[in-house]
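Pasting my_file-v2.cif here (mmCIF, N, CA and C atoms):
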data_target
#
loop_
_atom_site.group_PDB
_atom_site.id
_atom_site.type_symbol
_atom_site.label_atom_id
_atom_site.label_comp_id
_atom_site.auth_asym_id
_atom_site.auth_seq_id
_atom_site.Cartn_x
_atom_site.Cartn_y
_atom_site.Cartn_z
ATOM 1 N N MET N 804 -13.249 -23.467 -17.389
ATOM 2 C CA MET N 804 -13.127 -23.113 -15.999
ATOM 3 C C MET N 804 -12.405 -21.774 -15.883
ATOM 4 N N ARG N 805 -12.958 -20.881 -15.073
ATOM 5 C CA ARG N 805 -12.381 -19.547 -14.900
ATOM 6 C C ARG N 805 -11.382 -19.585 -13.755
ATOM 7 N N LYS N 806 -10.228 -19.009 -13.972
ATOM 8 C CA LYS N 806 -9.179 -18.985 -12.962
ATOM 9 C C LYS N 806 -9.246 -17.687 -12.170
ATOM 10 N N LYS N 807 -8.833 -17.770 -10.898
ATOM 11 C CA LYS N 807 -8.789 -16.589 -10.039
ATOM 12 C C LYS N 807 -7.665 -15.672 -10.486
ATOM 13 N N GLN N 808 -7.819 -14.399 -10.159
ATOM 14 C CA GLN N 808 -6.745 -13.450 -10.434
ATOM 15 C C GLN N 808 -5.828 -13.389 -9.224
ATOM 16 N N SER N 809 -4.528 -13.255 -9.464
ATOM 17 C CA SER N 809 -3.532 -13.314 -8.396
ATOM 18 C C SER N 809 -3.535 -12.095 -7.485
ATOM 19 N N SER N 810 -4.084 -10.988 -7.904
ATOM 20 C CA SER N 810 -3.999 -9.759 -7.121
ATOM 21 C C SER N 810 -4.717 -9.869 -5.782
ATOM 22 N N HIS N 811 -5.579 -10.854 -5.620
ATOM 23 C CA HIS N 811 -6.339 -10.988 -4.387
ATOM 24 C C HIS N 811 -5.783 -12.078 -3.477
ATOM 25 N N ASN N 812 -4.635 -12.628 -3.812
ATOM 26 C CA ASN N 812 -4.043 -13.663 -2.990
ATOM 27 C C ASN N 812 -3.070 -13.063 -1.997
ATOM 28 N N SER N 813 -3.161 -13.532 -0.753
ATOM 29 C CA SER N 813 -2.281 -13.016 0.288
ATOM 30 C C SER N 813 -0.869 -13.536 0.090
ATOM 31 N N VAL N 814 0.057 -12.885 0.747
ATOM 32 C CA VAL N 814 1.445 -13.323 0.704
ATOM 33 C C VAL N 814 1.549 -14.742 1.260
ATOM 34 N N GLU N 815 0.747 -15.050 2.283
ATOM 35 C CA GLU N 815 0.774 -16.386 2.879
ATOM 36 C C GLU N 815 0.357 -17.451 1.867
ATOM 37 N N THR N 816 -0.671 -17.153 1.081
ATOM 38 C CA THR N 816 -1.131 -18.081 0.054
ATOM 39 C C THR N 816 -0.050 -18.284 -0.997
ATOM 40 N N LYS N 817 0.543 -17.182 -1.428
ATOM 41 C CA LYS N 817 1.598 -17.262 -2.431
ATOM 42 C C LYS N 817 2.793 -18.049 -1.906
ATOM 43 N N LEU N 818 3.168 -17.776 -0.655
ATOM 44 C CA LEU N 818 4.312 -18.455 -0.048
ATOM 45 C C LEU N 818 4.054 -19.953 0.075
ATOM 46 N N GLU N 819 2.845 -20.320 0.444
ATOM 47 C CA GLU N 819 2.508 -21.745 0.552
ATOM 48 C C GLU N 819 2.580 -22.415 -0.811
ATOM 49 N N ALA N 820 2.102 -21.745 -1.837
ATOM 50 C CA ALA N 820 2.164 -22.308 -3.186
ATOM 51 C C ALA N 820 3.618 -22.493 -3.611
ATOM 52 N N VAL N 821 4.449 -21.511 -3.329
ATOM 53 C CA VAL N 821 5.871 -21.587 -3.678
ATOM 54 C C VAL N 821 6.541 -22.736 -2.923
ATOM 55 N N ARG N 822 6.215 -22.870 -1.651
ATOM 56 C CA ARG N 822 6.800 -23.956 -0.848
ATOM 57 C C ARG N 822 6.383 -25.327 -1.378
ATOM 58 N N GLN N 823 5.134 -25.422 -1.816
ATOM 59 C CA GLN N 823 4.669 -26.701 -2.370
ATOM 60 C C GLN N 823 5.503 -27.077 -3.590
ATOM 61 N N VAL N 824 5.835 -26.088 -4.402
ATOM 62 C CA VAL N 824 6.612 -26.341 -5.625
ATOM 63 C C VAL N 824 8.074 -26.618 -5.285
ATOM 64 N N LEU N 825 8.671 -25.755 -4.466
ATOM 65 C CA LEU N 825 10.113 -25.846 -4.216
ATOM 66 C C LEU N 825 10.490 -26.915 -3.193
ATOM 67 N N GLU N 826 9.765 -26.978 -2.097
ATOM 68 C CA GLU N 826 10.136 -27.904 -1.030
ATOM 69 C C GLU N 826 9.505 -29.285 -1.190
ATOM 70 N N ASN N 827 8.251 -29.307 -1.620
ATOM 71 C CA ASN N 827 7.535 -30.587 -1.745
ATOM 72 C C ASN N 827 7.626 -31.173 -3.146
ATOM 73 N N LYS N 828 8.343 -30.472 -4.016
ATOM 74 C CA LYS N 828 8.596 -30.955 -5.384
ATOM 75 C C LYS N 828 7.317 -31.264 -6.163
ATOM 76 N N ARG N 829 6.275 -30.484 -5.885
ATOM 77 C CA ARG N 829 5.040 -30.641 -6.656
ATOM 78 C C ARG N 829 5.144 -29.792 -7.908
ATOM 79 N N SER N 830 4.439 -30.179 -8.944
ATOM 80 C CA SER N 830 4.512 -29.418 -10.190
ATOM 81 C C SER N 830 3.723 -28.112 -10.050
ATOM 82 N N VAL N 831 4.150 -27.124 -10.804
ATOM 83 C CA VAL N 831 3.478 -25.826 -10.824
ATOM 84 C C VAL N 831 2.020 -26.017 -11.256
ATOM 85 N N ALA N 832 1.812 -26.830 -12.269
ATOM 86 C CA ALA N 832 0.455 -27.069 -12.784
ATOM 87 C C ALA N 832 -0.432 -27.694 -11.711
ATOM 88 N N GLU N 833 0.118 -28.625 -10.952
ATOM 89 C CA GLU N 833 -0.660 -29.300 -9.906
ATOM 90 C C GLU N 833 -1.059 -28.317 -8.802
ATOM 91 N N VAL N 834 -0.111 -27.522 -8.359
ATOM 92 C CA VAL N 834 -0.398 -26.534 -7.313
ATOM 93 C C VAL N 834 -1.389 -25.488 -7.825
ATOM 94 N N ALA N 835 -1.180 -25.026 -9.041
ATOM 95 C CA ALA N 835 -2.084 -24.033 -9.628
ATOM 96 C C ALA N 835 -3.499 -24.581 -9.738
ATOM 97 N N ASN N 836 -3.620 -25.810 -10.181
ATOM 98 C CA ASN N 836 -4.936 -26.434 -10.319
ATOM 99 C C ASN N 836 -5.622 -26.542 -8.958
ATOM 100 N N GLU N 837 -4.868 -26.921 -7.951
ATOM 101 C CA GLU N 837 -5.412 -27.061 -6.603
ATOM 102 C C GLU N 837 -5.922 -25.721 -6.061
ATOM 103 N N LEU N 838 -5.235 -24.651 -6.400
ATOM 104 C CA LEU N 838 -5.625 -23.314 -5.931
ATOM 105 C C LEU N 838 -6.574 -22.594 -6.887
ATOM 106 N N ASP N 839 -6.925 -23.269 -7.972
ATOM 107 C CA ASP N 839 -7.796 -22.694 -8.998
ATOM 108 C C ASP N 839 -7.179 -21.428 -9.592
ATOM 109 N N LEU N 840 -5.869 -21.538 -9.901
ATOM 110 C CA LEU N 840 -5.123 -20.437 -10.510
ATOM 111 C C LEU N 840 -4.502 -20.913 -11.813
ATOM 112 N N HIS N 841 -4.099 -19.978 -12.626
ATOM 113 C CA HIS N 841 -3.397 -20.323 -13.857
ATOM 114 C C HIS N 841 -1.968 -20.698 -13.501
ATOM 115 N N ARG N 842 -1.406 -21.660 -14.186
ATOM 116 C CA ARG N 842 -0.045 -22.120 -13.863
ATOM 117 C C ARG N 842 0.986 -21.006 -14.052
ATOM 118 N N ASP N 843 0.731 -20.092 -14.980
ATOM 119 C CA ASP N 843 1.657 -18.976 -15.177
ATOM 120 C C ASP N 843 1.727 -18.082 -13.933
ATOM 121 N N THR N 844 0.612 -17.957 -13.238
ATOM 122 C CA THR N 844 0.576 -17.157 -12.018
ATOM 123 C C THR N 844 1.473 -17.771 -10.959
ATOM 124 N N VAL N 845 1.300 -19.062 -10.715
ATOM 125 C CA VAL N 845 2.115 -19.746 -9.710
ATOM 126 C C VAL N 845 3.577 -19.746 -10.141
ATOM 127 N N ASN N 846 3.829 -19.957 -11.414
ATOM 128 C CA ASN N 846 5.196 -19.939 -11.922
ATOM 129 C C ASN N 846 5.839 -18.565 -11.710
ATOM 130 N N ARG N 847 5.065 -17.503 -11.907
ATOM 131 C CA ARG N 847 5.564 -16.133 -11.698
ATOM 132 C C ARG N 847 5.925 -15.928 -10.223
ATOM 133 N N TRP N 848 5.106 -16.491 -9.312
ATOM 134 C CA TRP N 848 5.392 -16.398 -7.881
ATOM 135 C C TRP N 848 6.698 -17.110 -7.540
ATOM 136 N N VAL N 849 6.887 -18.286 -8.109
ATOM 137 C CA VAL N 849 8.093 -19.069 -7.844
ATOM 138 C C VAL N 849 9.330 -18.297 -8.319
ATOM 139 N N ILE N 850 9.264 -17.767 -9.512
ATOM 140 C CA ILE N 850 10.390 -17.007 -10.070
ATOM 141 C C ILE N 850 10.668 -15.776 -9.217
ATOM 142 N N SER N 851 9.621 -15.072 -8.838
ATOM 143 C CA SER N 851 9.768 -13.871 -8.029
ATOM 144 C C SER N 851 10.353 -14.212 -6.660
ATOM 145 N N PHE N 852 9.929 -15.323 -6.083
ATOM 146 C CA PHE N 852 10.450 -15.758 -4.789
ATOM 147 C C PHE N 852 11.934 -16.103 -4.898
ATOM 148 N N LYS N 853 12.296 -16.792 -5.958
ATOM 149 C CA LYS N 853 13.708 -17.154 -6.158
ATOM 150 C C LYS N 853 14.563 -15.900 -6.320
ATOM 151 N N ASP N 854 14.015 -14.883 -6.956
ATOM 152 C CA ASP N 854 14.753 -13.660 -7.234
ATOM 153 C C ASP N 854 14.839 -12.733 -6.019
ATOM 154 N N LYS N 855 13.706 -12.548 -5.311
ATOM 155 C CA LYS N 855 13.641 -11.535 -4.257
ATOM 156 C C LYS N 855 13.259 -12.070 -2.890
ATOM 157 N N GLY N 856 13.045 -13.368 -2.776
ATOM 158 C CA GLY N 856 12.612 -13.923 -1.499
ATOM 159 C C GLY N 856 11.154 -13.609 -1.242
ATOM 160 N N GLU N 857 10.789 -13.647 0.021
ATOM 161 C CA GLU N 857 9.383 -13.414 0.385
ATOM 162 C C GLU N 857 8.904 -12.028 -0.044
ATOM 163 N N GLN N 858 9.811 -11.059 -0.056
ATOM 164 C CA GLN N 858 9.456 -9.695 -0.483
ATOM 165 C C GLN N 858 8.958 -9.683 -1.933
ATOM 166 N N GLY N 859 9.413 -10.627 -2.736
ATOM 167 C CA GLY N 859 8.982 -10.705 -4.121
ATOM 168 C C GLY N 859 7.529 -11.113 -4.275
ATOM 169 N N LEU N 860 6.932 -11.603 -3.195
ATOM 170 C CA LEU N 860 5.532 -12.036 -3.237
ATOM 171 C C LEU N 860 4.571 -10.937 -2.788
ATOM 172 N N VAL N 861 5.125 -9.835 -2.316
ATOM 173 C CA VAL N 861 4.294 -8.721 -1.849
ATOM 174 C C VAL N 861 3.897 -7.883 -3.042
ATOM 175 N N ASN N 862 2.606 -7.603 -3.152
ATOM 176 C CA ASN N 862 2.098 -6.760 -4.231
ATOM 177 C C ASN N 862 2.401 -5.308 -3.872
ATOM 178 N N PRO N 863 3.252 -4.619 -4.637
ATOM 179 C CA PRO N 863 3.602 -3.239 -4.282
ATOM 180 C C PRO N 863 2.418 -2.291 -4.271
ATOM 181 N N ARG N 864 1.414 -2.570 -5.070
ATOM 182 C CA ARG N 864 0.232 -1.698 -5.078
ATOM 183 C C ARG N 864 -0.519 -1.779 -3.765
ATOM 184 N N SER N 865 -0.530 -2.949 -3.148
ATOM 185 C CA SER N 865 -1.245 -3.092 -1.888
ATOM 186 C C SER N 865 -0.545 -2.351 -0.767
ATOM 187 N N LEU N 866 0.744 -2.107 -0.897
ATOM 188 C CA LEU N 866 1.485 -1.359 0.107
ATOM 189 C C LEU N 866 1.335 0.130 -0.077
ATOM 190 N N SER N 867 1.438 0.593 -1.291
ATOM 191 C CA SER N 867 1.499 2.030 -1.521
ATOM 192 C C SER N 867 0.159 2.730 -1.418
ATOM 193 N N GLN N 868 -0.913 2.122 -1.849
ATOM 194 C CA GLN N 868 -2.186 2.825 -1.879
ATOM 195 C C GLN N 868 -2.687 3.220 -0.496
ATOM 196 N N PRO N 869 -2.759 2.299 0.480
ATOM 197 C CA PRO N 869 -3.215 2.748 1.796
ATOM 198 C C PRO N 869 -2.271 3.780 2.404
ATOM 199 N N SER N 870 -0.988 3.590 2.187
ATOM 200 C CA SER N 870 0.001 4.524 2.710
ATOM 201 C C SER N 870 -0.177 5.896 2.061
ATOM 202 N N GLN N 871 -0.384 5.920 0.747
ATOM 203 C CA GLN N 871 -0.575 7.189 0.052
ATOM 204 C C GLN N 871 -1.845 7.882 0.527
ATOM 205 N N ALA N 872 -2.908 7.128 0.696
ATOM 206 C CA ALA N 872 -4.169 7.711 1.146
ATOM 207 C C ALA N 872 -4.000 8.327 2.533
ATOM 208 N N LYS N 873 -3.269 7.636 3.389
ATOM 209 C CA LYS N 873 -3.015 8.145 4.731
ATOM 210 C C LYS N 873 -2.163 9.409 4.668
ATOM 211 N N ASP N 874 -1.140 9.392 3.813
ATOM 212 C CA ASP N 874 -0.271 10.553 3.655
ATOM 213 C C ASP N 874 -1.039 11.749 3.106
ATOM 214 N N ILE N 875 -1.916 11.519 2.145
ATOM 215 C CA ILE N 875 -2.711 12.601 1.555
ATOM 216 C C ILE N 875 -3.645 13.198 2.604
ATOM 217 N N LYS N 876 -4.263 12.337 3.399
ATOM 218 C CA LYS N 876 -5.167 12.816 4.448
ATOM 219 C C LYS N 876 -4.397 13.653 5.466
ATOM 220 N N GLN N 877 -3.223 13.170 5.860
ATOM 221 C CA GLN N 877 -2.402 13.897 6.822
ATOM 222 C C GLN N 877 -1.947 15.232 6.240
ATOM 223 N N LEU N 878 -1.571 15.237 4.970
ATOM 224 C CA LEU N 878 -1.160 16.475 4.308
ATOM 225 C C LEU N 878 -2.298 17.492 4.297
ATOM 226 N N ARG N 879 -3.497 17.062 3.992
ATOM 227 C CA ARG N 879 -4.652 17.982 3.971
ATOM 228 C C ARG N 879 -4.925 18.560 5.353
ATOM 229 N N GLU N 880 -4.790 17.714 6.392
ATOM 230 C CA GLU N 880 -4.994 18.199 7.755
ATOM 231 C C GLU N 880 -3.948 19.242 8.119
ATOM 232 N N LEU N 881 -2.700 18.993 7.727
ATOM 233 C CA LEU N 881 -1.633 19.949 8.013
ATOM 234 C C LEU N 881 -1.831 21.257 7.249
ATOM 235 N N GLU N 882 -2.286 21.159 5.997
ATOM 236 C CA GLU N 882 -2.560 22.365 5.220
ATOM 237 C C GLU N 882 -3.673 23.188 5.872
ATOM 238 N N LYS N 883 -4.684 22.513 6.385
ATOM 239 C CA LYS N 883 -5.793 23.198 7.057
ATOM 240 C C LYS N 883 -5.292 23.911 8.312
ATOM 241 N N LYS N 884 -4.454 23.230 9.099
ATOM 242 C CA LYS N 884 -3.897 23.845 10.314
ATOM 243 C C LYS N 884 -3.021 25.040 9.958
ATOM 244 N N LEU N 885 -2.250 24.917 8.882
ATOM 245 C CA LEU N 885 -1.390 26.017 8.448
ATOM 246 C C LEU N 885 -2.228 27.247 8.088
ATOM 247 N N LYS N 886 -3.313 27.048 7.349
ATOM 248 C CA LYS N 886 -4.178 28.176 6.982
ATOM 249 C C LYS N 886 -4.775 28.835 8.226
ATOM 250 N N GLU N 887 -5.178 28.006 9.203
ATOM 251 C CA GLU N 887 -5.732 28.554 10.439
ATOM 252 C C GLU N 887 -4.691 29.397 11.174
ATOM 253 N N LYS N 888 -3.458 28.899 11.237
ATOM 254 C CA LYS N 888 -2.385 29.637 11.917
ATOM 255 C C LYS N 888 -2.051 30.934 11.175
ATOM 256 N N GLU N 889 -2.059 30.894 9.853
ATOM 257 C CA GLU N 889 -1.812 32.106 9.071
ATOM 258 C C GLU N 889 -2.889 33.145 9.336
ATOM 259 N N MET N 890 -4.145 32.685 9.450
ATOM 260 C CA MET N 890 -5.238 33.621 9.749
ATOM 261 C C MET N 890 -5.072 34.209 11.147
ATOM 262 N N GLU N 891 -4.673 33.382 12.113
ATOM 263 C CA GLU N 891 -4.449 33.874 13.473
ATOM 264 C C GLU N 891 -3.351 34.937 13.487
ATOM 265 N N ILE N 892 -2.288 34.709 12.749
ATOM 266 C CA ILE N 892 -1.181 35.672 12.678
ATOM 267 C C ILE N 892 -1.671 36.994 12.102
ATOM 268 N N GLU N 893 -2.469 36.930 11.045
ATOM 269 C CA GLU N 893 -3.002 38.159 10.432
ATOM 270 C C GLU N 893 -3.865 38.926 11.426
ATOM 271 N N VAL N 894 -4.699 38.207 12.165
ATOM 272 C CA VAL N 894 -5.558 38.856 13.161
ATOM 273 C C VAL N 894 -4.699 39.519 14.237
ATOM 274 N N LEU N 895 -3.666 38.811 14.688
ATOM 275 C CA LEU N 895 -2.788 39.369 15.720
ATOM 276 C C LEU N 895 -2.031 40.593 15.212
ATOM 277 N N LYS N 896 -1.602 40.570 13.949
ATOM 278 C CA LYS N 896 -0.918 41.731 13.365
ATOM 279 C C LYS N 896 -1.845 42.939 13.318
ATOM 280 N N LYS N 897 -3.087 42.712 12.920
ATOM 281 C CA LYS N 897 -4.053 43.809 12.846
ATOM 282 C C LYS N 897 -4.363 44.352 14.236
ATOM 283 N N PHE N 898 -4.459 43.459 15.201
ATOM 284 C CA PHE N 898 -4.733 43.870 16.572
ATOM 285 C C PHE N 898 -3.550 44.674 17.124
ATOM 286 N N GLN N 899 -2.334 44.228 16.817
ATOM 287 C CA GLN N 899 -1.145 44.931 17.254
ATOM 288 C C GLN N 899 -1.101 46.329 16.623
ATOM 289 N N ALA N 900 -1.423 46.425 15.347
ATOM 290 C CA ALA N 900 -1.446 47.717 14.664
ATOM 291 C C ALA N 900 -2.529 48.605 15.268
ATOM 292 N N PHE N 901 -3.664 48.050 15.624
ATOM 293 C CA PHE N 901 -4.755 48.795 16.255
ATOM 294 C C PHE N 901 -4.311 49.359 17.591
ATOM 295 N N LEU N 902 -3.605 48.527 18.394
ATOM 296 C CA LEU N 902 -3.138 48.982 19.696
ATOM 297 C C LEU N 902 -2.121 50.114 19.565
ATOM 298 N N LYS N 903 -1.236 50.019 18.571
ATOM 299 C CA LYS N 903 -0.234 51.072 18.362
ATOM 300 C C LYS N 903 -0.893 52.377 17.927
ATOM 301 N N GLY N 904 -1.979 52.277 17.206
ATOM 302 C CA GLY N 904 -2.696 53.459 16.731
ATOM 303 C C GLY N 904 -3.441 54.166 17.837
ATOM 304 N N ASN N 905 -3.778 53.490 18.914
ATOM 305 C CA ASN N 905 -4.533 54.085 20.022
ATOM 306 C C ASN N 905 -3.643 54.543 21.158
ATOM 307 N N GLU N 906 -2.341 54.532 20.989
ATOM 308 C CA GLU N 906 -1.455 54.963 22.071
ATOM 309 C C GLU N 906 -1.323 56.451 22.147
#

I'd like the structure from this file rewritten - as structure tokens, please.
Amino acid sequence: MRKKQSSHNSVETKLEAVRQVLENKRSVAEVANELDLHRDTVNRWVISFKDKGEQGLVNPRSLSQPSQAKDIKQLRELEKKLKEKEMEIEVLKKFQAFLKGNE
């Protein structure tokens, strides 16, 4: 039987599995079997929860990637606006120099 990978489980799923083990006194193996996961995965969640609380169940990769992609997109937009403003300044400088030359 093939077990699911933990990276696709929501924090809610992980938290429920941890609660089943800690509060309902169910075995890690029993909860893992019910969720079609490896017992080491559920055990890792329990340990992480005990160490860091609910925050320990959050996959850091799932937080950083969308945020990084958004930051990169915003940075590119700002760089584009900066280049446009620099070009406008150059045009205005040339126009100012042209006006001074025709006085």

Neighbours of point (11.2, -20.7, -5.6) within 7 Å, using only N, CA and C atoms, written as a PyMOL selection string:
chain N and resi 821-822+824-825+848-854

Identify, with DSSP run on backbone atoms, the residues in chain N assigned to alpha helix (DSSP H), and express the list as a PyMOL selection string.
chain N and resi 814-825+831-838+842-855+863-904

Apply the PyMOL selection byres (((chain N and resi 816 and name CA) around 12) and name CA) to the structure shown and report the selected residues as a list in words.
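Selection result, ordered by chain and number: Ser809, Ser810, His811, Asn812, Ser813, Val814, Glu815, Lys817, Leu818, Glu819, Ala820, Val821, Arg822, Gln823, Val834, Ala835, Glu837, Leu838, Leu840, Val845, Trp848, Glu857, Leu860 and Val861 of chain N.
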
Rounded to one decimal in Å, what is the spacing between CA of Lys886 in chain N and CA of Ala900 in chain N?
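Atom-to-atom, CA of Lys886 in chain N and CA of Ala900 in chain N are spaced 21.2 Å apart.
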
Calculate how many Å separate atom N of Ala872 in chain N from atom C of Glu887 in chain N, rounding to one decimal.
24.7 Å

Mind pulling up the distance from CA of Gly856 in chain N to CA of Asp874 in chain N?
28.1 Å

From the list N:Phe898, N:Glu893, N:Leu885, N:Asn846, which residue is nearest Ala832 in chain N when using all atoms listed in the file?
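Of N:Phe898, N:Glu893, N:Leu885, N:Asn846, the one nearest Ala832 in chain N, counting all atoms listed in the file, is N:Asn846.
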
Please complete range 810-827 of chain N with N, CA, C and O atoms and give it back as a PDB file, keeping the file's coordinate frame.
ATOM      1  N   SER N 810      -4.084 -10.988  -7.904  1.00  0.00           N
ATOM      2  CA  SER N 810      -3.999  -9.759  -7.121  1.00  0.00           C
ATOM      3  C   SER N 810      -4.717  -9.869  -5.782  1.00  0.00           C
ATOM      4  O   SER N 810      -4.476  -9.075  -4.893  1.00  0.00           O
ATOM      5  N   HIS N 811      -5.579 -10.854  -5.620  1.00  0.00           N
ATOM      6  CA  HIS N 811      -6.339 -10.988  -4.387  1.00  0.00           C
ATOM      7  C   HIS N 811      -5.783 -12.078  -3.477  1.00  0.00           C
ATOM      8  O   HIS N 811      -6.396 -12.404  -2.488  1.00  0.00           O
ATOM      9  N   ASN N 812      -4.635 -12.628  -3.812  1.00  0.00           N
ATOM     10  CA  ASN N 812      -4.043 -13.663  -2.990  1.00  0.00           C
ATOM     11  C   ASN N 812      -3.070 -13.063  -1.997  1.00  0.00           C
ATOM     12  O   ASN N 812      -2.262 -12.211  -2.338  1.00  0.00           O
ATOM     13  N   SER N 813      -3.161 -13.532  -0.753  1.00  0.00           N
ATOM     14  CA  SER N 813      -2.281 -13.016   0.288  1.00  0.00           C
ATOM     15  C   SER N 813      -0.869 -13.536   0.090  1.00  0.00           C
ATOM     16  O   SER N 813      -0.635 -14.521  -0.619  1.00  0.00           O
ATOM     17  N   VAL N 814       0.057 -12.885   0.747  1.00  0.00           N
ATOM     18  CA  VAL N 814       1.445 -13.323   0.704  1.00  0.00           C
ATOM     19  C   VAL N 814       1.549 -14.742   1.260  1.00  0.00           C
ATOM     20  O   VAL N 814       2.307 -15.565   0.749  1.00  0.00           O
ATOM     21  N   GLU N 815       0.747 -15.050   2.283  1.00  0.00           N
ATOM     22  CA  GLU N 815       0.774 -16.386   2.879  1.00  0.00           C
ATOM     23  C   GLU N 815       0.357 -17.451   1.867  1.00  0.00           C
ATOM     24  O   GLU N 815       0.967 -18.515   1.789  1.00  0.00           O
ATOM     25  N   THR N 816      -0.671 -17.153   1.081  1.00  0.00           N
ATOM     26  CA  THR N 816      -1.131 -18.081   0.054  1.00  0.00           C
ATOM     27  C   THR N 816      -0.050 -18.284  -0.997  1.00  0.00           C
ATOM     28  O   THR N 816       0.237 -19.414  -1.409  1.00  0.00           O
ATOM     29  N   LYS N 817       0.543 -17.182  -1.428  1.00  0.00           N
ATOM     30  CA  LYS N 817       1.598 -17.262  -2.431  1.00  0.00           C
ATOM     31  C   LYS N 817       2.793 -18.049  -1.906  1.00  0.00           C
ATOM     32  O   LYS N 817       3.353 -18.899  -2.610  1.00  0.00           O
ATOM     33  N   LEU N 818       3.168 -17.776  -0.655  1.00  0.00           N
ATOM     34  CA  LEU N 818       4.312 -18.455  -0.048  1.00  0.00           C
ATOM     35  C   LEU N 818       4.054 -19.953   0.075  1.00  0.00           C
ATOM     36  O   LEU N 818       4.938 -20.772  -0.197  1.00  0.00           O
ATOM     37  N   GLU N 819       2.845 -20.320   0.444  1.00  0.00           N
ATOM     38  CA  GLU N 819       2.508 -21.745   0.552  1.00  0.00           C
ATOM     39  C   GLU N 819       2.580 -22.415  -0.811  1.00  0.00           C
ATOM     40  O   GLU N 819       3.085 -23.531  -0.938  1.00  0.00           O
ATOM     41  N   ALA N 820       2.102 -21.745  -1.837  1.00  0.00           N
ATOM     42  CA  ALA N 820       2.164 -22.308  -3.186  1.00  0.00           C
ATOM     43  C   ALA N 820       3.618 -22.493  -3.611  1.00  0.00           C
ATOM     44  O   ALA N 820       3.993 -23.547  -4.154  1.00  0.00           O
ATOM     45  N   VAL N 821       4.449 -21.511  -3.329  1.00  0.00           N
ATOM     46  CA  VAL N 821       5.871 -21.587  -3.678  1.00  0.00           C
ATOM     47  C   VAL N 821       6.541 -22.736  -2.923  1.00  0.00           C
ATOM     48  O   VAL N 821       7.315 -23.504  -3.497  1.00  0.00           O
ATOM     49  N   ARG N 822       6.215 -22.870  -1.651  1.00  0.00           N
ATOM     50  CA  ARG N 822       6.800 -23.956  -0.848  1.00  0.00           C
ATOM     51  C   ARG N 822       6.383 -25.327  -1.378  1.00  0.00           C
ATOM     52  O   ARG N 822       7.180 -26.267  -1.376  1.00  0.00           O
ATOM     53  N   GLN N 823       5.134 -25.422  -1.816  1.00  0.00           N
ATOM     54  CA  GLN N 823       4.669 -26.701  -2.370  1.00  0.00           C
ATOM     55  C   GLN N 823       5.503 -27.077  -3.590  1.00  0.00           C
ATOM     56  O   GLN N 823       5.850 -28.234  -3.783  1.00  0.00           O
ATOM     57  N   VAL N 824       5.835 -26.088  -4.402  1.00  0.00           N
ATOM     58  CA  VAL N 824       6.612 -26.341  -5.625  1.00  0.00           C
ATOM     59  C   VAL N 824       8.074 -26.618  -5.285  1.00  0.00           C
ATOM     60  O   VAL N 824       8.651 -27.606  -5.735  1.00  0.00           O
ATOM     61  N   LEU N 825       8.671 -25.755  -4.466  1.00  0.00           N
ATOM     62  CA  LEU N 825      10.113 -25.846  -4.216  1.00  0.00           C
ATOM     63  C   LEU N 825      10.490 -26.915  -3.193  1.00  0.00           C
ATOM     64  O   LEU N 825      11.446 -27.665  -3.402  1.00  0.00           O
ATOM     65  N   GLU N 826       9.765 -26.978  -2.097  1.00  0.00           N
ATOM     66  CA  GLU N 826      10.136 -27.904  -1.030  1.00  0.00           C
ATOM     67  C   GLU N 826       9.505 -29.285  -1.190  1.00  0.00           C
ATOM     68  O   GLU N 826      10.149 -30.292  -0.916  1.00  0.00           O
ATOM     69  N   ASN N 827       8.251 -29.307  -1.620  1.00  0.00           N
ATOM     70  CA  ASN N 827       7.535 -30.587  -1.745  1.00  0.00           C
ATOM     71  C   ASN N 827       7.626 -31.173  -3.146  1.00  0.00           C
ATOM     72  O   ASN N 827       7.000 -32.194  -3.428  1.00  0.00           O
TER      73      ASN N 827
END
